[in-house]
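Listing of model.cif; format and content: mmCIF, C-alpha atoms and all ligand atoms.
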```cif
data_run
loop_
_atom_site.label_atom_id
_atom_site.label_comp_id
_atom_site.auth_asym_id
_atom_site.auth_seq_id
_atom_site.Cartn_x
_atom_site.Cartn_y
_atom_site.Cartn_z
CA MET A 1304 -78.63 -41.91 31.13
CA GLN A 1305 -76.37 -41.25 34.13
CA THR A 1306 -75.20 -37.66 34.13
CA LYS A 1307 -71.48 -36.84 34.29
CA ASN A 1308 -69.52 -33.71 35.17
CA VAL A 1309 -67.26 -32.46 32.42
CA ILE A 1310 -64.82 -29.64 33.15
CA ILE A 1311 -63.25 -27.90 30.16
CA ILE A 1312 -60.24 -25.66 30.76
CA GLY A 1313 -60.09 -22.71 28.34
CA ALA A 1314 -62.73 -20.71 26.43
CA GLY A 1315 -60.82 -20.62 23.15
CA PRO A 1316 -62.02 -22.35 19.95
CA ALA A 1317 -61.05 -25.84 21.19
CA GLY A 1318 -62.82 -25.51 24.56
CA LEU A 1319 -65.93 -23.85 23.17
CA ALA A 1320 -66.26 -26.36 20.31
CA THR A 1321 -65.90 -29.27 22.75
CA ALA A 1322 -68.60 -27.83 25.01
CA ILE A 1323 -71.05 -27.07 22.18
CA GLU A 1324 -70.72 -30.54 20.66
CA LEU A 1325 -70.99 -32.22 24.06
CA LYS A 1326 -74.14 -30.27 24.87
CA LYS A 1327 -75.67 -31.31 21.52
CA ILE A 1328 -75.11 -35.02 22.04
CA SER A 1329 -75.38 -35.54 25.82
CA ARG A 1330 -77.06 -34.44 29.02
CA TYR A 1331 -73.75 -34.06 30.85
CA ASN A 1332 -73.09 -31.09 33.15
CA ILE A 1333 -70.55 -28.95 31.35
CA ILE A 1334 -68.50 -26.13 32.87
CA ILE A 1335 -65.82 -24.13 31.10
CA LEU A 1336 -63.16 -22.56 33.35
CA GLU A 1337 -61.41 -19.57 31.76
CA LYS A 1338 -58.51 -17.71 33.35
CA ASN A 1339 -59.31 -14.34 31.76
CA PRO A 1340 -62.01 -12.04 33.22
CA GLU A 1341 -64.06 -12.21 29.99
CA ILE A 1342 -64.07 -13.70 26.49
CA SER A 1343 -60.82 -12.37 25.07
CA TYR A 1344 -58.77 -11.77 21.96
CA LYS A 1345 -56.02 -14.30 21.21
CA ILE A 1346 -52.79 -13.33 19.42
CA CYS A 1347 -53.35 -14.68 15.92
CA ALA A 1348 -53.22 -13.72 12.23
CA GLY A 1349 -56.81 -14.92 11.85
CA GLY A 1350 -56.33 -16.95 8.67
CA ILE A 1351 -59.06 -19.58 8.32
CA ASP A 1352 -60.63 -21.89 5.76
CA PRO A 1353 -63.56 -19.90 4.27
CA ASN A 1354 -65.90 -22.91 4.48
CA VAL A 1355 -66.48 -22.41 8.21
CA SER A 1356 -70.11 -23.54 8.03
CA GLU A 1357 -68.82 -27.03 7.17
CA ILE A 1358 -67.27 -27.19 10.65
CA GLY A 1359 -70.38 -25.77 12.33
CA ILE A 1360 -69.18 -22.17 12.69
CA PRO A 1361 -71.43 -19.34 11.39
CA GLU A 1362 -70.24 -17.29 8.39
CA LYS A 1363 -70.57 -14.08 10.44
CA ILE A 1364 -67.21 -14.80 12.12
CA ILE A 1365 -65.51 -13.98 8.81
CA ASP A 1366 -63.93 -10.55 8.34
CA ARG A 1367 -62.79 -10.95 4.75
CA LYS A 1368 -62.73 -13.63 2.06
CA PHE A 1369 -60.15 -13.93 -0.72
CA ASN A 1370 -60.21 -15.80 -4.00
CA LYS A 1371 -56.53 -15.25 -4.66
CA ILE A 1372 -53.27 -15.72 -2.80
CA LYS A 1373 -49.99 -14.08 -3.78
CA LEU A 1374 -46.84 -16.09 -3.16
CA PHE A 1375 -43.34 -14.59 -3.41
CA THR A 1376 -40.20 -16.72 -3.39
CA ALA A 1377 -36.59 -15.69 -4.07
CA LYS A 1378 -37.14 -16.27 -7.81
CA GLN A 1379 -40.87 -16.10 -8.47
CA SER A 1380 -44.00 -14.01 -7.89
CA ILE A 1381 -47.07 -16.19 -8.20
CA THR A 1382 -50.79 -15.54 -7.99
CA ILE A 1383 -53.04 -18.48 -7.23
CA GLN A 1384 -56.55 -17.51 -8.25
CA GLU A 1385 -59.84 -19.41 -8.11
CA ASN A 1386 -63.42 -18.47 -8.89
CA LYS A 1387 -64.35 -19.22 -5.26
CA SER A 1388 -62.92 -18.09 -1.91
CA ILE A 1389 -59.79 -19.98 -0.96
CA ILE A 1390 -58.89 -18.32 2.31
CA ALA A 1391 -60.60 -16.00 4.81
CA THR A 1392 -59.66 -13.97 7.88
CA THR A 1393 -61.41 -13.63 11.21
CA ASN A 1394 -60.98 -11.47 14.30
CA ARG A 1395 -60.20 -13.72 17.24
CA LYS A 1396 -62.32 -11.81 19.74
CA THR A 1397 -65.36 -11.91 17.44
CA LEU A 1398 -64.86 -15.63 16.80
CA HIS A 1399 -64.71 -16.39 20.55
CA GLU A 1400 -67.69 -14.13 21.35
CA ILE A 1401 -69.90 -15.73 18.71
CA MET A 1402 -68.97 -19.25 19.86
CA ALA A 1403 -69.38 -18.31 23.55
CA ASN A 1404 -72.82 -16.74 22.96
CA ARG A 1405 -73.94 -19.93 21.27
CA ALA A 1406 -72.59 -22.00 24.15
CA ARG A 1407 -74.36 -19.83 26.75
CA LYS A 1408 -77.66 -20.03 24.83
CA MET A 1409 -77.38 -23.81 24.97
CA GLY A 1410 -77.01 -23.59 28.76
CA ILE A 1411 -73.26 -24.10 29.05
CA LYS A 1412 -71.67 -22.33 32.04
CA ILE A 1413 -68.52 -20.31 31.36
CA LEU A 1414 -66.81 -19.21 34.57
CA PHE A 1415 -64.20 -16.45 34.35
CA ASN A 1416 -61.16 -15.60 36.51
CA LYS A 1417 -60.64 -19.34 37.00
CA GLN A 1418 -57.00 -20.06 36.32
CA VAL A 1419 -56.43 -23.77 36.82
CA LYS A 1420 -53.20 -24.39 38.72
CA GLU A 1421 -53.43 -27.93 40.09
CA MET A 1422 -55.23 -31.14 39.20
CA ASP A 1423 -55.57 -34.81 40.09
CA ASP A 1424 -57.64 -37.65 38.60
CA ASN A 1425 -60.98 -36.18 39.68
CA SER A 1426 -60.58 -32.48 40.47
CA VAL A 1427 -58.90 -29.24 39.48
CA ILE A 1428 -57.93 -26.35 41.74
CA THR A 1429 -57.82 -22.73 40.62
CA SER A 1430 -55.38 -20.00 41.66
CA LEU A 1431 -58.01 -18.78 44.15
CA GLY A 1432 -58.16 -22.21 45.74
CA GLU A 1433 -61.57 -23.26 44.40
CA THR A 1434 -62.02 -26.96 43.65
CA PHE A 1435 -64.05 -28.35 40.74
CA ASN A 1436 -64.72 -32.09 40.57
CA PHE A 1437 -64.98 -33.88 37.26
CA ASP A 1438 -65.72 -37.23 35.69
CA TYR A 1439 -64.01 -36.03 32.51
CA LEU A 1440 -61.52 -33.18 32.08
CA VAL A 1441 -60.67 -31.49 28.78
CA GLY A 1442 -57.49 -29.41 28.67
CA ALA A 1443 -58.22 -26.83 25.96
CA ASP A 1444 -55.86 -24.36 27.55
CA GLY A 1445 -53.67 -23.59 24.56
CA SER A 1446 -49.97 -23.86 23.76
CA THR A 1447 -48.71 -23.40 27.31
CA SER A 1448 -51.29 -25.86 28.69
CA THR A 1449 -51.22 -26.47 32.45
CA VAL A 1450 -53.21 -29.70 31.98
CA ARG A 1451 -50.59 -31.02 29.53
CA LYS A 1452 -47.80 -30.20 31.99
CA LYS A 1453 -49.65 -31.84 34.88
CA ILE A 1454 -50.13 -35.04 32.85
CA GLY A 1455 -46.35 -34.97 32.40
CA ILE A 1456 -46.06 -34.38 28.65
CA LYS A 1457 -43.02 -32.39 27.57
CA THR A 1458 -43.30 -29.96 24.65
CA LYS A 1459 -40.34 -29.76 22.31
CA LYS A 1460 -41.78 -28.76 18.94
CA VAL A 1461 -42.98 -25.19 19.22
CA LEU A 1462 -43.24 -22.29 16.79
CA ILE A 1463 -42.67 -18.82 18.16
CA ALA A 1464 -44.93 -16.68 15.99
CA PHE A 1465 -44.86 -12.91 15.99
CA GLN A 1466 -46.75 -10.22 14.17
CA TYR A 1467 -47.48 -6.53 13.81
CA ILE A 1468 -51.13 -5.55 13.88
CA ILE A 1469 -51.23 -2.49 11.66
CA PRO A 1470 -54.31 -0.26 11.42
CA GLY A 1471 -55.52 0.06 7.81
CA GLU A 1472 -56.61 -1.83 4.72
CA TYR A 1473 -54.67 -4.09 2.37
CA SER A 1474 -55.96 -5.79 -0.75
CA ASP A 1475 -54.48 -9.30 -0.82
CA ILE A 1476 -53.34 -12.26 1.23
CA GLU A 1477 -49.60 -12.61 0.64
CA PHE A 1478 -46.94 -15.18 1.59
CA TYR A 1479 -43.18 -14.62 1.35
CA ILE A 1480 -40.69 -17.49 1.38
CA ASP A 1481 -37.12 -16.26 1.55
CA PHE A 1482 -34.49 -18.36 3.36
CA LYS A 1483 -32.15 -15.38 3.65
CA LYS A 1484 -34.67 -13.20 5.47
CA PHE A 1485 -36.99 -15.66 7.22
CA GLY A 1486 -34.98 -18.89 7.52
CA PHE A 1487 -37.18 -21.97 7.06
CA SER A 1488 -40.31 -20.05 7.93
CA TYR A 1489 -42.39 -17.70 5.83
CA ALA A 1490 -43.78 -14.21 6.31
CA TRP A 1491 -47.46 -13.45 5.85
CA ILE A 1492 -49.69 -10.47 5.21
CA PHE A 1493 -53.29 -11.20 6.29
CA PRO A 1494 -55.74 -8.31 5.92
CA GLN A 1495 -58.61 -8.38 8.41
CA LYS A 1496 -61.35 -5.75 8.87
CA ASN A 1497 -59.56 -2.36 9.38
CA VAL A 1498 -56.28 -4.01 10.43
CA ILE A 1499 -53.51 -6.00 8.77
CA SER A 1500 -51.61 -8.84 10.42
CA VAL A 1501 -48.03 -9.03 9.18
CA GLY A 1502 -46.00 -11.77 10.78
CA THR A 1503 -43.58 -14.67 10.73
CA GLY A 1504 -42.52 -17.60 12.92
CA TYR A 1505 -39.46 -19.38 14.30
CA ASP A 1506 -38.92 -23.08 14.91
CA SER A 1507 -35.82 -23.82 17.00
CA SER A 1508 -36.38 -27.60 16.69
CA LEU A 1509 -35.52 -27.69 12.97
CA SER A 1510 -32.19 -29.30 12.21
CA ASN A 1511 -29.60 -27.13 10.48
CA ASN A 1512 -31.35 -24.04 11.78
CA ASN A 1513 -28.35 -21.79 12.26
CA PHE A 1514 -30.65 -18.81 12.12
CA LYS A 1515 -31.19 -17.14 15.52
CA ILE A 1516 -34.59 -15.79 16.50
CA LYS A 1517 -33.00 -12.36 17.11
CA GLU A 1518 -31.74 -12.34 13.53
CA LEU A 1519 -35.19 -13.29 12.23
CA ARG A 1520 -36.78 -10.47 14.23
CA GLU A 1521 -34.27 -7.93 12.83
CA ASN A 1522 -34.78 -9.10 9.24
CA PHE A 1523 -38.54 -9.16 9.72
CA ASP A 1524 -38.59 -5.65 11.19
CA SER A 1525 -36.57 -4.13 8.33
CA TRP A 1526 -38.73 -5.97 5.77
CA CYS A 1527 -41.90 -4.68 7.48
CA LYS A 1528 -40.61 -1.12 7.61
CA GLU A 1529 -39.99 -1.18 3.85
CA LYS A 1530 -43.64 -2.10 3.28
CA PHE A 1531 -45.63 -0.46 6.07
CA ASN A 1532 -45.63 2.51 8.40
CA LEU A 1533 -45.28 0.85 11.82
CA GLU A 1534 -45.86 4.02 13.86
CA ASN A 1535 -49.28 2.88 15.13
CA ALA A 1536 -48.60 -0.85 14.83
CA LYS A 1537 -48.80 -3.22 17.80
CA PHE A 1538 -46.18 -5.96 18.16
CA GLU A 1539 -47.41 -9.31 19.50
CA ALA A 1540 -45.86 -12.75 19.98
CA PHE A 1541 -46.97 -16.14 21.27
CA SER A 1542 -46.06 -19.81 20.98
CA ILE A 1543 -47.81 -22.45 18.86
CA ASN A 1544 -47.45 -26.01 20.15
CA TYR A 1545 -47.38 -28.58 17.35
CA ASP A 1546 -45.84 -31.40 19.40
CA TYR A 1547 -48.66 -33.95 19.27
CA GLN A 1548 -48.20 -36.87 21.66
CA GLY A 1549 -51.75 -38.14 22.11
CA PHE A 1550 -55.06 -36.65 23.19
CA GLU A 1551 -56.65 -39.26 25.47
CA PHE A 1552 -55.19 -39.99 28.90
CA GLY A 1553 -57.83 -41.99 30.81
CA ASN A 1554 -60.59 -39.55 31.76
CA ILE A 1555 -58.42 -36.55 30.79
CA PHE A 1556 -58.32 -35.24 27.21
CA LEU A 1557 -56.26 -32.58 25.42
CA ALA A 1558 -57.80 -30.51 22.59
CA GLY A 1559 -56.41 -27.90 20.18
CA ASP A 1560 -52.97 -26.40 20.87
CA ALA A 1561 -52.81 -28.09 24.29
CA ALA A 1562 -52.51 -31.41 22.43
CA GLY A 1563 -50.23 -29.99 19.72
CA PHE A 1564 -52.82 -30.20 16.93
CA ALA A 1565 -51.58 -27.03 15.14
CA SER A 1566 -49.62 -27.47 11.92
CA GLY A 1567 -45.83 -27.29 12.24
CA LEU A 1568 -45.68 -26.19 8.59
CA THR A 1569 -48.09 -23.25 8.60
CA GLY A 1570 -48.87 -22.60 12.28
CA GLU A 1571 -52.56 -22.96 11.43
CA GLY A 1572 -54.51 -24.14 14.46
CA ILE A 1573 -58.01 -22.61 14.70
CA LYS A 1574 -59.79 -25.17 12.51
CA PHE A 1575 -57.86 -28.07 14.04
CA ALA A 1576 -58.73 -26.81 17.54
CA ILE A 1577 -62.44 -26.79 16.65
CA LEU A 1578 -62.42 -30.18 14.92
CA SER A 1579 -60.36 -31.87 17.64
CA GLY A 1580 -62.73 -30.47 20.29
CA LYS A 1581 -65.75 -31.89 18.48
CA ASP A 1582 -64.17 -35.32 18.13
CA ILE A 1583 -63.20 -35.35 21.82
CA ALA A 1584 -66.80 -34.55 22.81
CA ARG A 1585 -67.99 -37.56 20.77
CA LYS A 1586 -65.29 -39.76 22.28
CA ILE A 1587 -66.31 -38.76 25.83
CA VAL A 1588 -69.91 -39.77 25.13
CA ASN A 1589 -69.01 -42.96 23.26
CA SER A 1590 -65.64 -44.50 24.14
CA ASN A 1591 -65.83 -46.63 20.95
CA TYR A 1592 -66.16 -43.58 18.71
CA ARG A 1593 -63.49 -43.44 15.99
CA CYS A 1594 -62.04 -39.92 15.91
CA LYS A 1595 -61.98 -39.42 12.13
CA GLU A 1596 -61.41 -35.66 12.31
CA ILE A 1597 -58.37 -36.17 14.53
CA GLU A 1598 -57.06 -38.91 12.22
CA ASN A 1599 -57.33 -36.46 9.32
CA ILE A 1600 -55.65 -33.61 11.25
CA LEU A 1601 -52.74 -35.93 12.08
CA LYS A 1602 -52.35 -36.91 8.40
CA ILE A 1603 -52.26 -33.23 7.31
CA LYS A 1604 -49.81 -32.40 10.10
CA LYS A 1605 -47.52 -35.28 9.18
CA ARG A 1606 -47.32 -34.35 5.48
CA GLY A 1607 -46.67 -30.66 6.25
CA GLU A 1608 -44.15 -31.32 9.01
CA ASN A 1609 -42.24 -33.89 6.92
CA PHE A 1610 -42.08 -31.32 4.13
CA ILE A 1611 -40.62 -28.54 6.34
CA ARG A 1612 -38.14 -30.99 7.92
CA PHE A 1613 -37.04 -32.06 4.44
CA LEU A 1614 -36.53 -28.40 3.41
CA SER A 1615 -34.43 -27.79 6.49
CA LEU A 1616 -32.06 -30.73 5.91
CA ASN A 1617 -30.05 -28.92 3.25
CA LYS A 1618 -30.42 -25.25 2.35
CA THR A 1619 -29.62 -25.65 -1.36
CA VAL A 1620 -32.00 -28.57 -1.80
CA GLY A 1621 -34.54 -26.64 0.29
CA LYS A 1622 -34.32 -23.56 -1.92
CA ILE A 1623 -34.71 -25.59 -5.13
CA THR A 1624 -37.64 -27.52 -3.64
CA VAL A 1625 -39.40 -24.28 -2.66
CA GLU A 1626 -39.07 -22.92 -6.21
CA LEU A 1627 -40.35 -26.19 -7.71
CA PHE A 1628 -43.19 -26.30 -5.20
CA ALA A 1629 -44.17 -22.67 -5.97
CA PHE A 1630 -44.23 -23.45 -9.69
CA PHE A 1631 -46.08 -26.75 -9.22
CA ILE A 1632 -48.75 -25.30 -6.90
CA GLN A 1633 -50.17 -23.33 -9.84
CA THR A 1634 -51.05 -26.51 -11.72
CA PRO A 1635 -54.31 -28.43 -11.09
CA ILE A 1636 -52.40 -31.45 -9.64
CA GLY A 1637 -50.27 -29.13 -7.49
CA LYS A 1638 -53.40 -27.43 -6.13
CA LYS A 1639 -54.94 -30.80 -5.24
CA MET A 1640 -51.74 -31.95 -3.53
CA SER A 1641 -51.36 -28.74 -1.53
CA GLU A 1642 -54.93 -29.17 -0.19
CA LYS A 1643 -53.65 -32.28 1.58
CA MET A 1644 -50.89 -30.32 3.31
CA PHE A 1645 -52.68 -27.16 4.46
C1 LIG A 1701 -48.87 -14.96 15.95
C2 LIG A 1701 -49.82 -16.11 15.71
C3 LIG A 1701 -50.50 -16.19 14.50
C4 LIG A 1701 -51.40 -17.25 14.28
N1 LIG A 1701 -52.09 -17.26 13.10
C5 LIG A 1701 -52.98 -18.25 12.86
C6 LIG A 1701 -53.77 -18.24 11.67
O1 LIG A 1701 -53.68 -17.33 10.85
N2 LIG A 1701 -54.65 -19.25 11.49
C7 LIG A 1701 -54.80 -20.27 12.39
O2 LIG A 1701 -55.61 -21.17 12.15
N3 LIG A 1701 -54.06 -20.30 13.53
C8 LIG A 1701 -53.17 -19.32 13.80
N4 LIG A 1701 -52.46 -19.32 14.96
C9 LIG A 1701 -52.63 -20.46 15.89
C10 LIG A 1701 -53.94 -20.34 16.66
O3 LIG A 1701 -53.99 -19.09 17.33
C11 LIG A 1701 -54.08 -21.49 17.67
O4 LIG A 1701 -53.82 -22.70 17.02
C12 LIG A 1701 -55.48 -21.54 18.27
O5 LIG A 1701 -55.75 -20.36 19.02
C13 LIG A 1701 -55.64 -22.77 19.18
O6 LIG A 1701 -56.89 -22.71 19.84
P1 LIG A 1701 -57.06 -23.35 21.28
O7 LIG A 1701 -58.49 -23.19 21.64
O8 LIG A 1701 -56.44 -24.68 21.32
O9 LIG A 1701 -56.17 -22.43 22.27
P2 LIG A 1701 -56.27 -20.89 22.61
O10 LIG A 1701 -56.91 -20.14 21.51
O11 LIG A 1701 -54.91 -20.47 23.03
O12 LIG A 1701 -57.26 -20.83 23.85
C14 LIG A 1701 -56.86 -21.29 25.12
C15 LIG A 1701 -57.75 -20.67 26.18
O13 LIG A 1701 -57.42 -21.25 27.45
C16 LIG A 1701 -57.28 -20.23 28.43
N5 LIG A 1701 -56.35 -20.73 29.45
C17 LIG A 1701 -55.02 -20.97 29.30
N6 LIG A 1701 -54.50 -21.50 30.44
C18 LIG A 1701 -55.53 -21.58 31.33
C19 LIG A 1701 -55.62 -22.05 32.67
N7 LIG A 1701 -54.56 -22.53 33.33
N8 LIG A 1701 -56.82 -21.99 33.28
C20 LIG A 1701 -57.92 -21.52 32.64
N9 LIG A 1701 -57.89 -21.07 31.36
C21 LIG A 1701 -56.71 -21.10 30.70
C22 LIG A 1701 -56.75 -19.04 27.63
O14 LIG A 1701 -56.99 -17.81 28.29
C23 LIG A 1701 -57.55 -19.17 26.32
O15 LIG A 1701 -58.80 -18.54 26.40
C24 LIG A 1701 -51.57 -18.27 15.24
C25 LIG A 1701 -50.88 -18.19 16.45
C26 LIG A 1701 -50.00 -17.13 16.69
C27 LIG A 1701 -49.27 -17.07 18.00
#
```
Please express the file's structure as structure tokens.
Amino acid sequence: MQTKNVIIIGAGPAGLATAIELKKISRYNIIILEKNPEISYKICAGGIDPNVSEIGIPEKIIDRKFNKIKLFTAKQSITIQENKSIIATTNRKTLHEIMANRARKMGIKILFNKQVKEMDDNSVITSLGETFNFDYLVGADGSTSTVRKKIGIKTKKVLIAFQYIIPGEYSDIEFYIDFKKFGFSYAWIFPQKNVISVGTGYDSSLSNNNFKIKELRENFDSWCKEKFNLENAKFEAFSINYDYQGFEFGNIFLAGDAAGFASGLTGEGIKFAILSGKDIARKIVNSNYRCKEIENILKIKKRGENFIRFLSLNKTVGKITVELFAFFIQTPIGKKMSEKMF
């Protein structure tokens, strides 16, 4: 087999998953270029499907598992409970470190302080002027992807997500849907180990969104202050790109948030980053490979994003739909249907 050089930009879940899968199924030379000086934390609430082993990630990345979710709407307080875990939380530094250690053990090179600034069909150039040649390039460089920009893809559908990381413990995962406070978004409480992520998001691309981000931030802050002491809390914000416009561009691929694989409904992107990375690795090795994981991600995205766009068309209809949805989600059929959207 002729060996090929694969350069992966970004040591987040998408980049690391691509590299690990590629190493498993090929003898290609794989290098990950990461702009940070070491494996780093990523701003995130850390919510993840508890069945991580099904996507090849060890259970030890999980901070906490939950078999119930509390959902609060304007009219209802609902508890969805199962006799198995339905959601989990992870710390993003731990997740990256565990994946990176695995990659290194397999012989994958991760080079730090390599911020990719320029690229052409066969090479990338870092901010320090170093050149790396490739046969295949994978842009796994997140929501503000340089690779995506260099290919010429514009990004219009973006969530601005923000959160407080509050030291302490909290018992449950909670979601709050309240059009008056949070517009068409929702607020979350995700307890991790020793810290709690409390956050919300803003989508300026939604029609009829006469809610300004400043207003959302003010409402969110007063809501947070009613519930938590924010004295030692850290405020964080980052974008989530959900504007999918393809992942394969000749010998250049986009994985995870760089491609817009995150959900525009929930902002969830870790699992989709990992699964898209794995599929891209298989596609690089076999150009005839059918990317079933990506097909599935796109179906889930479409259902969720159609739903949020429908809610945003008319506030009254949106409010009624949310209440019906919250009631329906407690039924066995509702639970099954929601699995297809989240
Ligand atoms: C506030 C907030 C809360 C969230 N909560 C959740 C949640 O609960 N659950 C969930 O599933 N998702 C959540 N997400 C989304 C999730 O964080 C992303 O979908 C996920 O991180 C995407 O992984 P990725 O590997 O594609 O990109 P990233 O994790 O962003 O990794 C990209 C990597 O590329 C590197 N990089 C970037 N540019 C360059 C460059 N030019 N050169 C070299 N390296 C570069 C970065 O340093 C980084 O290491 C949240 C996001 C935010 C902002």
Return as CSV the residues of chain A lying at most 6 Å from ligand LIG 1701 (chain A), together with the closest atom-to-atom pair for each and the distance in Å to one decimal, counting only C-alpha atoms and all ligand atoms, with rows in chain order and ascending residue number.
```
residue,atom,partner,partner_atom,distance
A:Ile1312,CA,A:LIG1701,C20,5.1
A:Gly1313,CA,A:LIG1701,O13,3.2
A:Ala1314,CA,A:LIG1701,O15,4.5
A:Gly1315,CA,A:LIG1701,O12,3.6
A:Pro1316,CA,A:LIG1701,O7,4.0
A:Ala1317,CA,A:LIG1701,O7,3.7
A:Gly1318,CA,A:LIG1701,O7,5.7
A:Leu1336,CA,A:LIG1701,C20,5.4
A:Glu1337,CA,A:LIG1701,N9,3.8
A:Lys1338,CA,A:LIG1701,C20,3.9
A:Asn1339,CA,A:LIG1701,O14,5.4
A:Lys1345,CA,A:LIG1701,O10,5.9
A:Ile1346,CA,A:LIG1701,C27,5.3
A:Cys1347,CA,A:LIG1701,C3,3.5
A:Ala1348,CA,A:LIG1701,N1,3.8
A:Gly1349,CA,A:LIG1701,O1,4.1
A:Gly1350,CA,A:LIG1701,O1,3.5
A:Ile1351,CA,A:LIG1701,O2,5.4
A:Lys1417,CA,A:LIG1701,C20,5.6
A:Gln1418,CA,A:LIG1701,N8,3.6
A:Val1419,CA,A:LIG1701,N8,4.0
A:Lys1420,CA,A:LIG1701,N7,5.9
A:Ala1443,CA,A:LIG1701,O8,5.4
A:Asp1444,CA,A:LIG1701,O13,3.5
A:Gly1445,CA,A:LIG1701,O9,3.6
A:Ser1448,CA,A:LIG1701,N6,5.7
A:Thr1449,CA,A:LIG1701,N7,5.2
A:Ala1464,CA,A:LIG1701,C1,4.3
A:Phe1465,CA,A:LIG1701,C1,4.5
A:Gln1466,CA,A:LIG1701,C1,5.5
A:Ala1540,CA,A:LIG1701,C1,5.5
A:Phe1541,CA,A:LIG1701,C27,4.1
A:Ser1542,CA,A:LIG1701,C27,5.2
A:Ile1543,CA,A:LIG1701,C27,5.6
A:Gly1559,CA,A:LIG1701,O8,3.4
A:Asp1560,CA,A:LIG1701,O8,3.9
A:Ala1561,CA,A:LIG1701,O8,5.8
A:Ala1565,CA,A:LIG1701,O4,5.2
A:Gly1570,CA,A:LIG1701,N4,5.6
A:Glu1571,CA,A:LIG1701,O2,3.6
A:Gly1572,CA,A:LIG1701,O4,3.0
A:Ile1573,CA,A:LIG1701,O2,3.8
A:Lys1574,CA,A:LIG1701,O2,5.8
A:Ala1576,CA,A:LIG1701,O8,4.9
```
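If you measure from each of A:Ile1636, A:Val1461, A:Ile1389, A:Ile1469 to Thr1569 of chain A using all atoms listed in the file, the closest one turns out to be A:Val1461.
Between atom CA of Leu1462 of chain A and atom CA of Thr1429 of chain A the separation is 27.9 Å.
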*Take atom CA of Ser1500 of chain A and atom CA of Ile1577 of chain A and report the distance between them in Å, one decimal.*
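According to the coordinates, atom CA of Ser1500 of chain A and atom CA of Ile1577 of chain A are separated by 21.9 Å.
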*atom CA of Asn1591 of chain A to atom CA of Phe1550 of chain A: how many Å, to one decimal?*
14.9 Å
*Selected residue, from A:Ile1401, A:Met1640, A:Leu1557, A:Ile1600, that lies nearest to Arg1451 of chain A when counting all atoms listed in the file*: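 Checking each candidate against Arg1451 of chain A, we get A:Leu1557 as the closest.
Excluding segment 1357-1361 of chain A itself and same-chain residues fewer than 2 positions from it, the residues having an atom within 8 Å of it are Asn1354, Val1355, Lys1363, Ile1364, Met1402, Lys1574, Ile1577 and Leu1578 of chain A, counting all atoms listed in the file.
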For the residues in the current selection, export C-alpha atoms as a short mmCIF file (atom, residue, chain, number, x, y, z; two decimals), in the frame of the given file.
```
data_model
loop_
_atom_site.label_atom_id
_atom_site.label_comp_id
_atom_site.auth_asym_id
_atom_site.auth_seq_id
_atom_site.Cartn_x
_atom_site.Cartn_y
_atom_site.Cartn_z
CA ASN A 1354 -65.90 -22.91 4.48
CA VAL A 1355 -66.48 -22.41 8.21
CA LYS A 1363 -70.57 -14.08 10.44
CA ILE A 1364 -67.21 -14.80 12.12
CA MET A 1402 -68.97 -19.25 19.86
CA LYS A 1574 -59.79 -25.17 12.51
CA ILE A 1577 -62.44 -26.79 16.65
CA LEU A 1578 -62.42 -30.18 14.92
#
```
*asked:* Just checking: using all atoms listed in the file, which residue out of A:Ser1641, A:Thr1321, A:Asn1532, A:Ser1329 ends up closest to Ile1603 of chain A?
replied: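 Selected residue with least distance to Ile1603 of chain A: A:Ser1641.
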*Which protein, DNA or RNA residues are at most 9 Å from (-41.2, -25.9, 19.5) in the file's coordinates when you count only C-alpha atoms, listed as a PyMOL selection string?*
chain A and resi 1458-1463+1505-1509+1542-1546+1567
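Using all atoms listed in the file, the smallest distance between any of A:Ala1562, A:Met1409, A:Ile1311, A:Ile1516 and Thr1447 of chain A comes from A:Ala1562.
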_Counting only C-alpha atoms, the residue of A:Ile1623, A:Val1501, A:Phe1485, A:Ala1403 that sits nearest Glu1521 of chain A_ =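 Residue with the minimum atom-to-atom distance to Glu1521 of chain A: A:Phe1485.
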*Near Cys1594 of chain A, within 9 Å and counting all atoms listed in the file, which residues show up once chain neighbours fewer than 6 positions away are dropped, as number ranges by chain?*
A: 1579, 1582-1583, 1585-1586
_Among listed residues A:Ile1454, A:Ile1476, A:Val1498, A:Met1422, nearest Leu1374 of chain A (using all atoms listed in the file)_ = A:Ile1476
Show me, as a CSV table (one decimal) with C-alpha atoms, in the frame of the given file, the residues that have an atom within 12 Å of Cys1527 of chain A when counting only C-alpha atoms, minus same-chain residues fewer than 3 positions from it.
```csv
chain,number,residue,atom,x,y,z
A,1466,GLN,CA,-46.8,-10.2,14.2
A,1467,TYR,CA,-47.5,-6.5,13.8
A,1468,ILE,CA,-51.1,-5.6,13.9
A,1469,ILE,CA,-51.2,-2.5,11.7
A,1479,TYR,CA,-43.2,-14.6,1.4
A,1484,LYS,CA,-34.7,-13.2,5.5
A,1490,ALA,CA,-43.8,-14.2,6.3
A,1491,TRP,CA,-47.5,-13.4,5.8
A,1492,ILE,CA,-49.7,-10.5,5.2
A,1499,ILE,CA,-53.5,-6.0,8.8
A,1500,SER,CA,-51.6,-8.8,10.4
A,1501,VAL,CA,-48.0,-9.0,9.2
A,1502,GLY,CA,-46.0,-11.8,10.8
A,1503,THR,CA,-43.6,-14.7,10.7
A,1519,LEU,CA,-35.2,-13.3,12.2
A,1520,ARG,CA,-36.8,-10.5,14.2
A,1521,GLU,CA,-34.3,-7.9,12.8
A,1522,ASN,CA,-34.8,-9.1,9.2
A,1523,PHE,CA,-38.5,-9.2,9.7
A,1524,ASP,CA,-38.6,-5.6,11.2
A,1530,LYS,CA,-43.6,-2.1,3.3
A,1531,PHE,CA,-45.6,-0.5,6.1
A,1532,ASN,CA,-45.6,2.5,8.4
A,1533,LEU,CA,-45.3,0.8,11.8
A,1534,GLU,CA,-45.9,4.0,13.9
A,1536,ALA,CA,-48.6,-0.8,14.8
A,1538,PHE,CA,-46.2,-6.0,18.2
```
